[in-house]
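Structure data follow from model-v7.cif (mmCIF, C-alpha atoms):
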```cif
data_structure
loop_
_atom_site.group_PDB
_atom_site.id
_atom_site.type_symbol
_atom_site.label_atom_id
_atom_site.label_comp_id
_atom_site.auth_asym_id
_atom_site.auth_seq_id
_atom_site.Cartn_x
_atom_site.Cartn_y
_atom_site.Cartn_z
ATOM 1 C CA MET A 1 25.157 -11.557 -9.101
ATOM 2 C CA ARG A 2 21.926 -10.588 -7.344
ATOM 3 C CA ALA A 3 19.029 -10.457 -9.772
ATOM 4 C CA SER A 4 16.920 -7.316 -10.051
ATOM 5 C CA GLN A 5 13.176 -7.312 -9.440
ATOM 6 C CA SER A 6 12.421 -7.086 -13.153
ATOM 7 C CA ALA A 7 14.705 -10.073 -13.898
ATOM 8 C CA LEU A 8 13.021 -12.138 -11.170
ATOM 9 C CA GLU A 9 9.600 -11.232 -12.528
ATOM 10 C CA GLU A 10 10.606 -12.279 -16.036
ATOM 11 C CA ALA A 11 12.142 -15.505 -14.702
ATOM 12 C CA ALA A 12 8.887 -16.336 -12.910
ATOM 13 C CA GLU A 13 6.979 -15.696 -16.142
ATOM 14 C CA TRP A 14 9.269 -18.086 -18.068
ATOM 15 C CA PHE A 15 9.074 -20.669 -15.266
ATOM 16 C CA PHE A 16 5.290 -20.839 -15.284
ATOM 17 C CA ARG A 17 5.130 -20.633 -19.073
ATOM 18 C CA GLN A 18 7.185 -23.819 -19.323
ATOM 19 C CA ASP A 19 5.500 -25.626 -16.421
ATOM 20 C CA GLY A 20 7.304 -28.898 -17.160
ATOM 21 C CA LYS A 21 6.591 -28.739 -20.883
ATOM 22 C CA SER A 22 8.820 -27.905 -23.829
ATOM 23 C CA LEU A 23 8.472 -24.418 -25.222
ATOM 24 C CA PRO A 24 7.515 -23.944 -28.872
ATOM 25 C CA GLU A 25 10.572 -23.445 -31.069
ATOM 26 C CA SER A 26 9.899 -19.709 -31.508
ATOM 27 C CA GLU A 27 9.606 -19.144 -27.735
ATOM 28 C CA ARG A 28 12.558 -21.417 -27.041
ATOM 29 C CA ALA A 29 14.820 -19.165 -29.081
ATOM 30 C CA LEU A 30 13.571 -16.120 -27.158
ATOM 31 C CA PHE A 31 14.131 -17.926 -23.863
ATOM 32 C CA GLU A 32 17.712 -18.887 -24.784
ATOM 33 C CA THR A 33 18.443 -15.290 -25.766
ATOM 34 C CA TRP A 34 16.995 -14.055 -22.489
ATOM 35 C CA LEU A 35 18.904 -16.676 -20.488
ATOM 36 C CA ALA A 36 22.222 -15.669 -22.083
ATOM 37 C CA ILE A 37 22.219 -12.462 -20.016
ATOM 38 C CA PRO A 38 24.101 -13.087 -16.715
ATOM 39 C CA GLU A 39 21.556 -11.288 -14.531
ATOM 40 C CA ASN A 40 18.743 -13.325 -16.079
ATOM 41 C CA ARG A 41 20.639 -16.572 -15.452
ATOM 42 C CA SER A 42 20.942 -15.549 -11.798
ATOM 43 C CA ALA A 43 17.202 -14.829 -11.616
ATOM 44 C CA TRP A 44 16.385 -18.170 -13.283
ATOM 45 C CA ALA A 45 18.572 -20.004 -10.768
ATOM 46 C CA GLU A 46 16.875 -18.188 -7.872
ATOM 47 C CA ILE A 47 13.406 -19.206 -9.051
ATOM 48 C CA GLY A 48 14.628 -22.768 -9.556
ATOM 49 C CA ARG A 49 16.127 -22.936 -6.051
ATOM 50 C CA THR A 50 12.911 -21.584 -4.549
ATOM 51 C CA TRP A 51 10.879 -24.291 -6.272
ATOM 52 C CA GLN A 52 13.285 -27.089 -5.353
ATOM 53 C CA GLU A 53 13.405 -26.021 -1.726
ATOM 54 C CA ALA A 54 9.615 -25.921 -1.649
ATOM 55 C CA ARG A 55 9.423 -29.442 -3.039
ATOM 56 C CA GLY A 56 11.921 -30.515 -0.369
ATOM 57 C CA LEU A 57 9.737 -29.333 2.507
ATOM 58 C CA ASP A 58 8.545 -32.406 4.393
ATOM 59 C CA TYR A 59 5.870 -33.101 6.958
ATOM 60 C CA ALA A 60 8.115 -31.681 9.686
ATOM 61 C CA ALA A 61 7.826 -28.212 8.172
ATOM 62 C CA GLY A 62 4.142 -28.263 9.023
ATOM 63 C CA ARG A 63 4.902 -28.960 12.672
ATOM 64 C CA ALA A 64 6.642 -25.565 12.956
ATOM 65 C CA VAL A 65 3.310 -23.869 13.690
ATOM 66 C CA PRO A 66 1.573 -25.189 16.811
ATOM 67 C CA GLY A 67 -2.174 -25.144 17.202
ATOM 68 C CA ILE A 68 -2.951 -25.835 13.552
ATOM 69 C CA SER A 69 -3.415 -29.351 12.153
ATOM 70 C CA ALA A 70 -0.541 -30.623 9.989
ATOM 71 C CA PRO A 71 -2.581 -30.867 6.742
ATOM 72 C CA VAL A 72 -3.869 -27.324 7.231
ATOM 73 C CA ARG A 73 -0.359 -26.060 7.976
ATOM 74 C CA TRP A 74 1.038 -27.724 4.888
ATOM 75 C CA MET A 75 -1.795 -26.317 2.745
ATOM 76 C CA ALA A 76 -1.057 -22.834 4.122
ATOM 77 C CA ILE A 77 2.626 -23.181 3.251
ATOM 78 C CA ALA A 78 1.876 -24.513 -0.228
ATOM 79 C CA ALA A 79 -0.735 -21.816 -0.878
ATOM 80 C CA SER A 80 1.653 -19.099 0.297
ATOM 81 C CA LEU A 81 4.343 -20.413 -2.046
ATOM 82 C CA VAL A 82 2.030 -20.490 -5.040
ATOM 83 C CA LEU A 83 0.773 -16.982 -4.281
ATOM 84 C CA ALA A 84 4.316 -15.702 -3.881
ATOM 85 C CA LEU A 85 5.539 -17.158 -7.160
ATOM 86 C CA LEU A 86 2.421 -16.253 -9.093
ATOM 87 C CA GLY A 87 2.608 -12.804 -7.514
ATOM 88 C CA ALA A 88 6.137 -12.388 -8.814
ATOM 89 C CA GLY A 89 4.916 -13.180 -12.303
ATOM 90 C CA TYR A 90 1.860 -10.970 -12.038
ATOM 91 C CA ALA A 91 4.019 -8.151 -10.680
ATOM 92 C CA PHE A 92 5.432 -7.805 -14.193
ATOM 93 C CA ASP A 93 2.376 -5.542 -14.436
ATOM 94 C CA LEU A 94 2.558 -4.853 -18.166
ATOM 95 C CA PRO A 95 -0.845 -3.068 -18.429
ATOM 96 C CA MET A 96 0.137 -0.650 -15.656
ATOM 97 C CA ARG A 97 3.550 -0.039 -17.206
ATOM 98 C CA LEU A 98 1.878 0.813 -20.502
ATOM 99 C CA ARG A 99 -0.439 3.325 -18.819
ATOM 100 C CA ALA A 100 2.316 5.004 -16.819
ATOM 101 C CA ASP A 101 4.763 7.709 -17.841
ATOM 102 C CA ILE A 102 6.867 6.970 -14.747
ATOM 103 C CA TYR A 103 7.095 3.529 -13.108
ATOM 104 C CA THR A 104 9.081 2.088 -10.196
ATOM 105 C CA ALA A 105 9.541 -1.637 -9.547
ATOM 106 C CA THR A 106 9.558 -3.276 -6.123
ATOM 107 C CA GLY A 107 12.333 -1.810 -3.988
ATOM 108 C CA GLU A 108 13.074 0.960 -6.500
ATOM 109 C CA PHE A 109 13.168 4.670 -5.608
ATOM 110 C CA ARG A 110 13.356 7.469 -8.162
ATOM 111 C CA SER A 111 13.561 11.249 -8.049
ATOM 112 C CA VAL A 112 12.177 12.743 -11.274
ATOM 113 C CA THR A 113 12.016 16.317 -12.536
ATOM 114 C CA LEU A 114 8.579 16.878 -14.089
ATOM 115 C CA PRO A 115 8.006 18.974 -17.236
ATOM 116 C CA ASP A 116 7.249 22.134 -15.193
ATOM 117 C CA GLY A 117 10.341 21.801 -13.010
ATOM 118 C CA SER A 118 8.516 20.234 -10.052
ATOM 119 C CA ILE A 119 10.235 17.275 -8.359
ATOM 120 C CA ALA A 120 8.549 13.919 -7.741
ATOM 121 C CA GLN A 121 10.228 11.541 -5.293
ATOM 122 C CA ILE A 122 8.657 8.200 -6.122
ATOM 123 C CA ASN A 123 8.514 5.256 -3.749
ATOM 124 C CA THR A 124 8.590 1.519 -4.438
ATOM 125 C CA GLY A 125 5.963 -0.069 -6.702
ATOM 126 C CA SER A 126 4.473 3.167 -8.004
ATOM 127 C CA ALA A 127 3.093 4.368 -11.330
ATOM 128 C CA LEU A 128 2.370 7.939 -12.480
ATOM 129 C CA ALA A 129 0.742 9.312 -15.623
ATOM 130 C CA LEU A 130 1.307 12.962 -16.526
ATOM 131 C CA HIS A 131 -0.960 15.505 -18.201
ATOM 132 C CA PHE A 132 0.636 18.942 -18.461
ATOM 133 C CA SER A 133 -0.982 21.627 -20.626
ATOM 134 C CA PRO A 134 -0.920 25.447 -20.832
ATOM 135 C CA LYS A 135 -3.877 25.524 -18.388
ATOM 136 C CA GLU A 136 -3.194 22.790 -15.855
ATOM 137 C CA ARG A 137 -0.692 20.355 -14.395
ATOM 138 C CA ILE A 138 -2.156 16.955 -13.520
ATOM 139 C CA VAL A 139 -0.321 13.937 -12.135
ATOM 140 C CA ARG A 140 -2.392 10.777 -12.047
ATOM 141 C CA LEU A 141 -1.104 8.479 -9.292
ATOM 142 C CA LEU A 142 -2.119 5.079 -10.644
ATOM 143 C CA LYS A 143 -0.628 3.189 -7.708
ATOM 144 C CA GLY A 144 1.955 3.609 -4.985
ATOM 145 C CA GLU A 145 3.252 6.766 -3.370
ATOM 146 C CA ALA A 146 5.188 9.945 -4.138
ATOM 147 C CA VAL A 147 6.267 13.224 -2.565
ATOM 148 C CA PHE A 148 5.901 16.317 -4.741
ATOM 149 C CA THR A 149 7.914 19.512 -4.436
ATOM 150 C CA VAL A 150 5.888 21.875 -6.611
ATOM 151 C CA ALA A 151 7.352 24.582 -8.836
ATOM 152 C CA HIS A 152 5.399 27.831 -8.528
ATOM 153 C CA ASP A 153 3.111 28.641 -11.466
ATOM 154 C CA GLY A 154 0.142 30.802 -10.544
ATOM 155 C CA SER A 155 -1.539 30.293 -13.921
ATOM 156 C CA ARG A 156 -1.602 26.481 -13.745
ATOM 157 C CA PRO A 157 -2.809 24.584 -10.671
ATOM 158 C CA PHE A 158 -0.810 21.479 -9.725
ATOM 159 C CA MET A 159 -3.116 18.541 -8.977
ATOM 160 C CA VAL A 160 -2.466 14.925 -8.001
ATOM 161 C CA GLN A 161 -5.373 12.595 -8.744
ATOM 162 C CA THR A 162 -5.946 9.085 -7.454
ATOM 163 C CA ASP A 163 -9.071 7.012 -8.062
ATOM 164 C CA GLY A 164 -11.446 9.959 -7.659
ATOM 165 C CA ASP A 165 -9.688 11.966 -4.952
ATOM 166 C CA THR A 166 -7.777 15.108 -5.966
ATOM 167 C CA ALA A 167 -5.064 16.945 -4.020
ATOM 168 C CA THR A 168 -4.376 20.500 -5.250
ATOM 169 C CA ALA A 169 -1.158 22.193 -4.166
ATOM 170 C CA LEU A 170 -1.587 25.581 -2.492
ATOM 171 C CA GLY A 171 2.110 25.686 -1.738
ATOM 172 C CA THR A 172 5.190 23.509 -1.918
ATOM 173 C CA VAL A 173 5.699 19.966 -0.572
ATOM 174 C CA PHE A 174 3.177 17.172 -0.004
ATOM 175 C CA ALA A 175 2.864 13.377 -0.273
ATOM 176 C CA VAL A 176 0.098 11.265 -1.806
ATOM 177 C CA ARG A 177 -0.381 7.517 -1.407
ATOM 178 C CA GLU A 178 -2.958 5.418 -3.269
ATOM 179 C CA THR A 179 -4.402 2.792 -0.906
ATOM 180 C CA GLY A 180 -7.094 1.238 -3.074
ATOM 181 C CA GLU A 181 -9.715 2.726 -0.733
ATOM 182 C CA GLY A 182 -8.797 6.360 -1.360
ATOM 183 C CA ALA A 183 -5.866 8.725 -1.099
ATOM 184 C CA VAL A 184 -3.692 9.362 1.938
ATOM 185 C CA VAL A 185 -2.442 12.961 1.653
ATOM 186 C CA THR A 186 0.309 14.296 3.943
ATOM 187 C CA VAL A 187 1.474 17.912 3.961
ATOM 188 C CA LEU A 188 5.130 18.691 4.661
ATOM 189 C CA GLU A 189 5.185 22.391 3.715
ATOM 190 C CA SER A 190 2.544 25.058 3.000
ATOM 191 C CA ARG A 191 -1.042 23.882 2.331
ATOM 192 C CA VAL A 192 -2.980 21.404 0.186
ATOM 193 C CA ALA A 193 -6.684 21.294 -0.689
ATOM 194 C CA VAL A 194 -8.216 17.815 -0.990
ATOM 195 C CA ALA A 195 -11.468 17.003 -2.825
ATOM 196 C CA PHE A 196 -12.950 13.527 -2.350
ATOM 197 C CA ALA A 197 -14.552 11.092 -4.774
ATOM 198 C CA ASP A 198 -17.498 10.512 -2.408
ATOM 199 C CA GLY A 199 -18.503 14.156 -2.628
ATOM 200 C CA GLY A 200 -17.515 14.976 0.933
ATOM 201 C CA PRO A 201 -16.574 18.548 1.796
ATOM 202 C CA ARG A 202 -13.279 19.830 0.409
ATOM 203 C CA ARG A 203 -10.650 19.949 3.138
ATOM 204 C CA GLU A 204 -7.590 22.142 3.419
ATOM 205 C CA LEU A 205 -4.561 20.676 5.186
ATOM 206 C CA ALA A 206 -1.749 22.496 6.982
ATOM 207 C CA PRO A 207 1.847 21.293 7.476
ATOM 208 C CA GLY A 208 2.005 18.175 9.643
ATOM 209 C CA GLN A 209 -1.564 17.150 8.829
ATOM 210 C CA GLN A 210 -2.681 14.006 7.057
ATOM 211 C CA VAL A 211 -6.044 12.908 5.687
ATOM 212 C CA ARG A 212 -6.904 9.259 5.069
ATOM 213 C CA PRO A 213 -10.023 7.222 4.285
ATOM 214 C CA LEU A 214 -11.739 5.816 7.383
ATOM 215 C CA GLY A 215 -15.058 4.004 7.782
ATOM 216 C CA GLY A 216 -16.675 5.426 4.674
ATOM 217 C CA GLY A 217 -15.487 8.941 5.498
ATOM 218 C CA HIS A 218 -12.171 10.671 6.101
ATOM 219 C CA GLU A 219 -9.998 11.325 9.123
ATOM 220 C CA ILE A 220 -7.588 14.240 9.547
ATOM 221 C CA THR A 221 -4.775 13.781 12.055
ATOM 222 C CA ASN A 222 -1.625 15.602 13.117
ATOM 223 C CA ILE A 223 1.441 13.480 12.393
ATOM 224 C CA ASP A 224 5.218 13.645 12.049
ATOM 225 C CA ALA A 225 5.287 14.183 8.277
ATOM 226 C CA ASP A 226 9.046 13.641 8.043
ATOM 227 C CA ALA A 227 8.698 10.254 9.757
ATOM 228 C CA ALA A 228 5.784 9.326 7.488
ATOM 229 C CA THR A 229 7.947 9.996 4.443
ATOM 230 C CA ALA A 230 11.191 8.580 5.863
ATOM 231 C CA TRP A 231 11.294 6.173 2.888
ATOM 232 C CA ARG A 232 12.873 9.087 0.986
ATOM 233 C CA ARG A 233 15.902 8.548 3.227
ATOM 234 C CA GLY A 234 15.744 4.767 2.905
ATOM 235 C CA LYS A 235 14.067 4.300 6.303
ATOM 236 C CA LEU A 236 10.806 2.930 7.669
ATOM 237 C CA ILE A 237 9.708 4.258 11.061
ATOM 238 C CA PHE A 238 7.107 2.346 13.076
ATOM 239 C CA ALA A 239 5.701 3.571 16.383
ATOM 240 C CA ASP A 240 3.549 0.978 18.169
ATOM 241 C CA ARG A 241 2.289 -0.478 14.866
ATOM 242 C CA PRO A 242 0.619 -3.936 14.619
ATOM 243 C CA LEU A 243 2.950 -6.586 13.204
ATOM 244 C CA GLY A 244 0.447 -7.331 10.431
ATOM 245 C CA SER A 245 0.652 -3.713 9.269
ATOM 246 C CA VAL A 246 4.453 -3.745 9.493
ATOM 247 C CA VAL A 247 4.720 -6.911 7.382
ATOM 248 C CA GLU A 248 2.303 -5.461 4.834
ATOM 249 C CA GLU A 249 4.574 -2.428 4.536
ATOM 250 C CA LEU A 250 7.723 -4.573 4.267
ATOM 251 C CA ASN A 251 6.188 -6.517 1.391
ATOM 252 C CA ARG A 252 6.151 -3.319 -0.653
ATOM 253 C CA TYR A 253 9.966 -3.409 -0.627
ATOM 254 C CA HIS A 254 10.650 -7.157 -0.805
ATOM 255 C CA MET A 255 11.267 -9.150 -4.006
ATOM 256 C CA GLY A 256 9.051 -11.991 -2.845
ATOM 257 C CA ARG A 257 6.552 -12.501 -0.051
ATOM 258 C CA ILE A 258 6.678 -12.251 3.738
ATOM 259 C CA GLN A 259 3.684 -14.062 5.237
ATOM 260 C CA ILE A 260 2.423 -14.361 8.821
ATOM 261 C CA VAL A 261 1.184 -17.936 9.151
ATOM 262 C CA ASP A 262 -0.435 -17.571 12.585
ATOM 263 C CA PRO A 263 -3.119 -14.800 12.494
ATOM 264 C CA ALA A 264 -2.767 -14.321 16.260
ATOM 265 C CA LEU A 265 0.594 -12.669 15.605
ATOM 266 C CA ASN A 266 -0.896 -9.849 13.541
ATOM 267 C CA SER A 267 -1.703 -7.760 16.613
ATOM 268 C CA ARG A 268 1.779 -7.886 18.182
ATOM 269 C CA ARG A 269 3.111 -4.321 18.519
ATOM 270 C CA VAL A 270 6.245 -3.072 16.774
ATOM 271 C CA SER A 271 8.328 0.080 17.221
ATOM 272 C CA GLY A 272 11.615 0.813 15.502
ATOM 273 C CA VAL A 273 13.543 2.352 12.632
ATOM 274 C CA PHE A 274 14.462 0.000 9.770
ATOM 275 C CA ASP A 275 16.204 0.169 6.394
ATOM 276 C CA THR A 276 14.075 -0.249 3.273
ATOM 277 C CA SER A 277 17.051 -1.723 1.390
ATOM 278 C CA ASP A 278 17.045 -5.062 3.250
ATOM 279 C CA PRO A 279 13.573 -6.304 4.262
ATOM 280 C CA LEU A 280 14.975 -9.709 5.277
ATOM 281 C CA ALA A 281 17.232 -8.018 7.832
ATOM 282 C CA VAL A 282 14.113 -6.347 9.211
ATOM 283 C CA VAL A 283 12.466 -9.777 9.481
ATOM 284 C CA ALA A 284 15.493 -11.032 11.431
ATOM 285 C CA ALA A 285 15.201 -8.046 13.797
ATOM 286 C CA LEU A 286 11.480 -8.734 14.293
ATOM 287 C CA GLU A 287 12.202 -12.395 15.041
ATOM 288 C CA ALA A 288 14.718 -11.406 17.715
ATOM 289 C CA SER A 289 12.622 -8.683 19.354
ATOM 290 C CA LEU A 290 9.282 -10.528 19.267
ATOM 291 C CA GLN A 291 10.707 -14.039 19.834
ATOM 292 C CA LEU A 292 9.371 -15.346 16.529
ATOM 293 C CA SER A 293 10.664 -17.978 14.129
ATOM 294 C CA SER A 294 10.587 -18.175 10.349
ATOM 295 C CA THR A 295 10.630 -20.756 7.611
ATOM 296 C CA ARG A 296 12.432 -19.463 4.534
ATOM 297 C CA ILE A 297 12.234 -20.828 1.012
ATOM 298 C CA GLY A 298 15.133 -19.145 -0.737
ATOM 299 C CA SER A 299 14.777 -15.381 -0.479
ATOM 300 C CA MET A 300 11.388 -15.377 -2.197
ATOM 301 C CA LEU A 301 9.164 -16.643 0.599
ATOM 302 C CA VAL A 302 9.390 -16.068 4.366
ATOM 303 C CA LEU A 303 6.797 -17.611 6.679
ATOM 304 C CA LEU A 304 6.648 -16.006 10.148
ATOM 305 C CA HIS A 305 5.398 -18.111 13.054
ATOM 306 C CA ARG A 306 5.952 -18.736 16.773
#
```

Now that the file is in, can you turn its structure into structure tokens?
Amino acid sequence: MRASQSALEEAAEWFFRQDGKSLPESERALFETWLAIPENRSAWAEIGRTWQEARGLDYAAGRAVPGISAPVRWMAIAASLVLALLGAGYAFDLPMRLRADIYTATGEFRSVTLPDGSIAQINTGSALALHFSPKERIVRLLKGEAVFTVAHDGSRPFMVQTDGDTATALGTVFAVRETGEGAVVTVLESRVAVAFADGGPRRELAPGQQVRPLGGGHEITNIDADAATAWRRGKLIFADRPLGSVVEELNRYHMGRIQIVDPALNSRRVSGVFDTSDPLAVVAALEASLQLSSTRIGSMLVLLHR
């Protein structure tokens, strides 16, 4: 049985909570109850295999990356492992789950009908909070990405808010992604008005236009909106994208961590259409096309190198 993301996250939490020590009796009983579920046992075994394989890495593993001293290579591998495992535990993300009305885990996609009849197609690792009243419809995108098909209601504007930026629907279908630096808004149908947290001028976007934060301001470009939202069809489309950007995107869908060990590889260019359902198959395709190698520790950690 393949463990789900939530089971892996919980297994990582239990793993680090024990950390070679015995659990208190009260927690031990909870752990045994949790472990009795088959999916959880599978997740626990996966975390255990990852740790054992990491401990089994010898000096030769460091020699896989030329041009970097062996101690530095080994420290990079060890640090990547710790970050990956701790990241899995942190990804449990309880505070965000408590804030959100709608939440998707890593690799999860949901299509949700909102209280007004609008449809939200929600991508991996996303969280939304809803505020619908007789006067307004507000979706707060706490993290991640979603496409909204808006039900017409002339008396109540439909707004999607990120950390300060606000996209107001003037028509039907648009996408919003929270980047941490501001919102990326893409229009598929009709028009959307975007107001920015920095007080910049309000911009109105037409179909096929996208606005994103850039250098302290904002850039509007014409794009293929269907390709930009191909994740709704389970696809990722890259056209001459840097490998570093591609790997960053893949990590949104992977139950673990894909890490480029050699920074010089970040600028290698990638074009292609890939499935979101199997990030490790995408890694294999990248290895073949770019003549790269990888060191894998279970399915949780993949180190890309020459």

Item to check | From A:Tyr253, A:Tyr103, A:Phe132, A:Phe196, residue lying nearest Pro157 of chain A [only C-alpha atoms] | outcome: A:Phe132

Can you list every residue of segment 122-213 of chain A that has an atom at most 12 Å from segment 233-249 of chain A, with its nearest atom pair and the distance in Å to one decimal, using all atoms listed in the file, ordered by chain then number, as JSON lines?
```
{"residue": "A:Ile122", "atom": "CA", "partner": "A:Arg233", "partner_atom": "CA", "distance": 11.8}
{"residue": "A:Asn123", "atom": "CA", "partner": "A:Gly234", "partner_atom": "CA", "distance": 9.8}
{"residue": "A:Thr124", "atom": "CA", "partner": "A:Glu249", "partner_atom": "CA", "distance": 10.6}
{"residue": "A:Gly125", "atom": "CA", "partner": "A:Glu249", "partner_atom": "CA", "distance": 11.6}
{"residue": "A:Gly144", "atom": "CA", "partner": "A:Glu249", "partner_atom": "CA", "distance": 11.6}
{"residue": "A:Thr179", "atom": "CA", "partner": "A:Glu249", "partner_atom": "CA", "distance": 11.7}
```

Checklist entry - Do you know which residues the PyMOL selection byres ((chain A and resi 111) around 8) returns on this file, as an NGL selection string? => result :A and (109-110 or 112-113 or 119-122)

Checklist entry - Near Leu130 of chain A, counting only C-alpha atoms, which residues have an atom at most 8 Å away, once you skip same-chain residues fewer than 5 positions from it, shown as a PyMOL selection string? => result chain A and resi 101+137-140

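Of note, atom CA of Leu142 of chain A and atom CA of Gly200 of chain A are spaced 21.7 Å apart.
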
Next on the checklist: Once the PyMOL selection byres ((chain A and resi 262) around 8) has been evaluated on this model, what residues remain selected, and can you format them as a PyMOL selection string?
Outcome noted: chain A and resi 65+260-261+263-266+304-306

Checklist entry - What do you get, as a VMD selection string, if you spell out every residue that the PyMOL selection byres ((chain A and resi 177) around 9) selects here? => result chain A and resid 141 143 to 147 162 175 to 176 178 to 179 182 to 186

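When only C-alpha atoms are used to measure the gap to Phe15 of chain A, the shortest distance among A:His254, A:Arg156, A:Arg49, A:Arg268 belongs to A:Arg49.
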
Item to check | Between atom CA of Glu181 of chain A and atom CA of Glu136 of chain A - distance in Å to one decimal | outcome: 26.0 Å

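For the pair atom CA of Asp93 of chain A and atom CA of Ile258 of chain A, the separation is 19.8 Å.
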
When you look at Trp44 of chain A with a cut-off of 9 Å (counting only C-alpha atoms), what residues show up, excluding the ones that are within fewer than 4 positions of it in the same chain? I need them as a CSV table (one decimal) with C-alpha atoms, keeping the file's coordinate frame.
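Result file follows (around.csv):
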```csv
chain,number,residue,atom,x,y,z
A,3,ALA,CA,19.0,-10.5,-9.8
A,7,ALA,CA,14.7,-10.1,-13.9
A,8,LEU,CA,13.0,-12.1,-11.2
A,10,GLU,CA,10.6,-12.3,-16.0
A,11,ALA,CA,12.1,-15.5,-14.7
A,12,ALA,CA,8.9,-16.3,-12.9
A,14,TRP,CA,9.3,-18.1,-18.1
A,15,PHE,CA,9.1,-20.7,-15.3
A,35,LEU,CA,18.9,-16.7,-20.5
A,39,GLU,CA,21.6,-11.3,-14.5
A,40,ASN,CA,18.7,-13.3,-16.1
A,48,GLY,CA,14.6,-22.8,-9.6
A,49,ARG,CA,16.1,-22.9,-6.1
```

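Among the candidates A:Ser4, A:Val150, A:Ala206, A:Val273, the residue lying nearest to Arg41 of chain A is A:Ser4 (atoms considered: all atoms listed in the file).
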
Checklist entry - Of the candidates A:Gly164, A:Arg97, A:Ser293, A:Met255, which shows the shortest atom-to-atom distance to Ala43 of chain A, using all atoms listed in the file? => result A:Met255

Next on the checklist: For Gly208 of chain A, find every residue with an atom within 6 Å (counting all atoms listed in the file), except residues of its own chain fewer than 4 positions away, and show them as number ranges by chain.
Outcome noted: A: 187-188, 222-223, 225

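Between Val211 of chain A and the residues A:Met96, A:Val173, A:Leu250, A:Ala193, the shortest atom-to-atom distance, using only C-alpha atoms, involves A:Ala193.
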
Expected axis-aligned box over every listed atom of segment 259-273 of chain A, 3 Å added per side, centre plus edges in Å to one decimal, as AutoDock Vina command-line options:
```
--center_x 5.2 --center_y -7.8 --center_z 11.9 --size_x 22.7 --size_y 26.3 --size_z 19.3
```

Please supply segment 39-43 of chain A, rebuilt with all heavy atoms, as a CSV table (one decimal), keeping the file's coordinate frame.
```csv
chain,number,residue,atom,x,y,z
A,39,GLU,N,22.5,-11.6,-15.6
A,39,GLU,CA,21.6,-11.3,-14.5
A,39,GLU,C,20.3,-12.2,-14.6
A,39,GLU,O,19.8,-12.6,-13.6
A,39,GLU,CB,21.1,-9.8,-14.6
A,39,GLU,CG,20.2,-9.4,-13.5
A,39,GLU,CD,19.7,-8.0,-13.6
A,39,GLU,OE1,19.7,-7.4,-14.7
A,39,GLU,OE2,19.2,-7.5,-12.6
A,40,ASN,N,19.9,-12.5,-15.9
A,40,ASN,CA,18.7,-13.3,-16.1
A,40,ASN,C,19.0,-14.8,-15.6
A,40,ASN,O,18.2,-15.4,-15.1
A,40,ASN,CB,18.3,-13.3,-17.5
A,40,ASN,CG,17.8,-11.9,-17.9
A,40,ASN,OD1,17.5,-11.1,-17.1
A,40,ASN,ND2,17.7,-11.7,-19.2
A,41,ARG,N,20.3,-15.2,-15.9
A,41,ARG,CA,20.6,-16.6,-15.5
A,41,ARG,C,20.6,-16.7,-13.9
A,41,ARG,O,20.1,-17.7,-13.4
A,41,ARG,CB,22.1,-16.9,-15.9
A,41,ARG,CG,22.1,-17.3,-17.4
A,41,ARG,CD,23.4,-18.1,-17.7
A,41,ARG,NE,24.6,-17.4,-17.3
A,41,ARG,CZ,25.3,-16.5,-18.1
A,41,ARG,NH1,24.8,-16.2,-19.3
A,41,ARG,NH2,26.4,-15.9,-17.7
A,42,SER,N,21.0,-15.6,-13.3
A,42,SER,CA,20.9,-15.5,-11.8
A,42,SER,C,19.5,-15.6,-11.3
A,42,SER,O,19.2,-16.3,-10.4
A,42,SER,CB,21.6,-14.3,-11.3
A,42,SER,OG,21.5,-14.2,-9.9
A,43,ALA,N,18.6,-14.8,-12.0
A,43,ALA,CA,17.2,-14.8,-11.6
A,43,ALA,C,16.6,-16.2,-11.9
A,43,ALA,O,15.8,-16.7,-11.0
A,43,ALA,CB,16.5,-13.8,-12.4
```
